[in-house]
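Report on the structure given below.
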Amino acid sequence: GNSVTQMEGPVTLSEEAFLTINCTYTATGYPSLFWYVQYPGEGLQLLLKATKADDKGSNKGFEATYRKETTSFHLEKGSVQVSDSAVYFCALSSGGSNYKLTFGKGTLLTVNP
Amino acid sequence: NAGVTQTPKFRVLKTGQSMTLLCAQDMNHEYMYWYRQDPGMGLRLIHYSVGEGTTAKGEVPDGYNVSRLKKQNFLLGLESAAPSQTSVYFCASSFTGANQPQHFGDGTRLSIL
């Protein structure tokens with residue numbers, strides 16, 4: 001079956017630091033990959049996505065590259081801000097039910113000024 | 001632009017009581033989903049619907065029922081609440097087709113005493 005493994009948090013960084021949150025996956029077929037962000041007290045919002053190998057998704061300074069050879073989709077940002085403090089979820093959709101998402105457990109990021 | 005609206009936002013129940021959570025979306029999405037979010041578990045799919053009048057079981061359906069009588073609404077019912085159902089519940093919706101992003105409501109925090 002499908003599964004997503006992302007690095008355990010919490011992750012605490014200072015403002016302007018470099019961010020990496022690791023995500024690896026197991027899936028049947030050729031999955032699409034997503035990063036969602038959840039700000040405190042809110043629902044999840046799509047941050048970025050990639051639908052085929054070597055695609056790079058990007059949004060709000062965040063990037064992630066679909067690496068089929070390493071089954072990974074790591075999230076990166078060159079310079080984090082306090083406003084980036086949130087929980088980040090890696091997710092995939094694959095197979096016959098390719099509208100359903102499988103989520104990782106989430107990584108809490110706290111950015112200090 | 002309301003998007004996905006969940007009602008209520010908070011609720012406290014006693015064991016054995018019943019209640020219904022309401023999800024409404026105004027984006028004309030065909031697909032709708034109910035998830036629960038528990039610490040360290042990520043999001044787990046309870047039930048989902050691929051169109052008006054249809055429902056299907058997700059990963060953790062036991063103890064819950066759903067109905068989709070109108071396209072814009074998706075109801076989640078707890079017939080006899082148990083403490084193990086204490087959680088944050090999220091509704092989401094999406095267009096048809098592969099790999100469409102899901103749009104989430106802000107969640108319902110439910111405590112069962």
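A note on labels: chains of the structure tokens are A, B, ... as shown, every chain counts residues from 1, and ligands are counted from 1 in their shown order.
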
Output as a Markdown table one row per residue of chain A within 6 Å of chain B: the closest atom pair and its distance in Å to one decimal place, counting only C-alpha atoms, sorted by chain and residue number ascending.
```
| residue | atom | partner | partner_atom | distance |
| --- | --- | --- | --- | --- |
| A:Glu42 | CA | B:Asp106 | CA | 4.6 |
| A:Gly43 | CA | B:Asp106 | CA | 4.1 |
| A:Leu44 | CA | B:Phe104 | CA | 5.7 |
| A:Asn98 | CA | B:Ala98 | CA | 5.4 |
| A:Tyr99 | CA | B:Ala98 | CA | 5.5 |
| A:Gly104 | CA | B:Gly42 | CA | 5.9 |
| A:Lys105 | CA | B:Gly42 | CA | 3.8 |
| A:Gly106 | CA | B:Gly42 | CA | 5.8 |
```

Requested in this report: Could you please write out, as a ChimeraX atom specification, every residue of chain A that DSSP assigns to strand (DSSP E)?
Outcome: /A:3-6,11-14,19-21,23-26,32-38,44-50,56-59,62-65,75-77,86-93,102-103,107-112

| Leaving out Thr20 of chain A and any residue of its chain fewer than 2 positions from it, which residues lie within 12 Å of it when counting only C-alpha atoms, given as a ChimeraX atom specification? | /A:6-9,11-13,17-18,22-23,62-64,73-80,88,107,109

Practice task
Tell me which protein, DNA and RNA residues are within 6 Å of Cys90 of chain A, counting only C-alpha atoms, leaving out same-chain ones fewer than 5 positions away, and put them as a PyMOL selection string.
Solution key: chain A and resi 34-35+103-104

Expressed in Å, the length from atom CA of Val111 of chain A to atom CA of Ile21 of chain A is 13.6 Å

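Among the candidates B:Ser18, B:Thr86, B:Asn73, B:Gln6, the one nearest to Gly51 of chain B when counting only C-alpha atoms is B:Asn73.
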
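Using only C-alpha atoms for every distance, the candidate list A:Lys68, A:Ser83, A:Ala91, A:Ser3 yields A:Ala91 as the residue closest to Lys49 of chain A.
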
I'd like the contact shell of Ser72 of chain A - 6 Å cut-off, only C-alpha atoms, skipping same-chain residues fewer than 2 positions apart - returned as a PyMOL selection string. chain A and resi 23-24+67+70
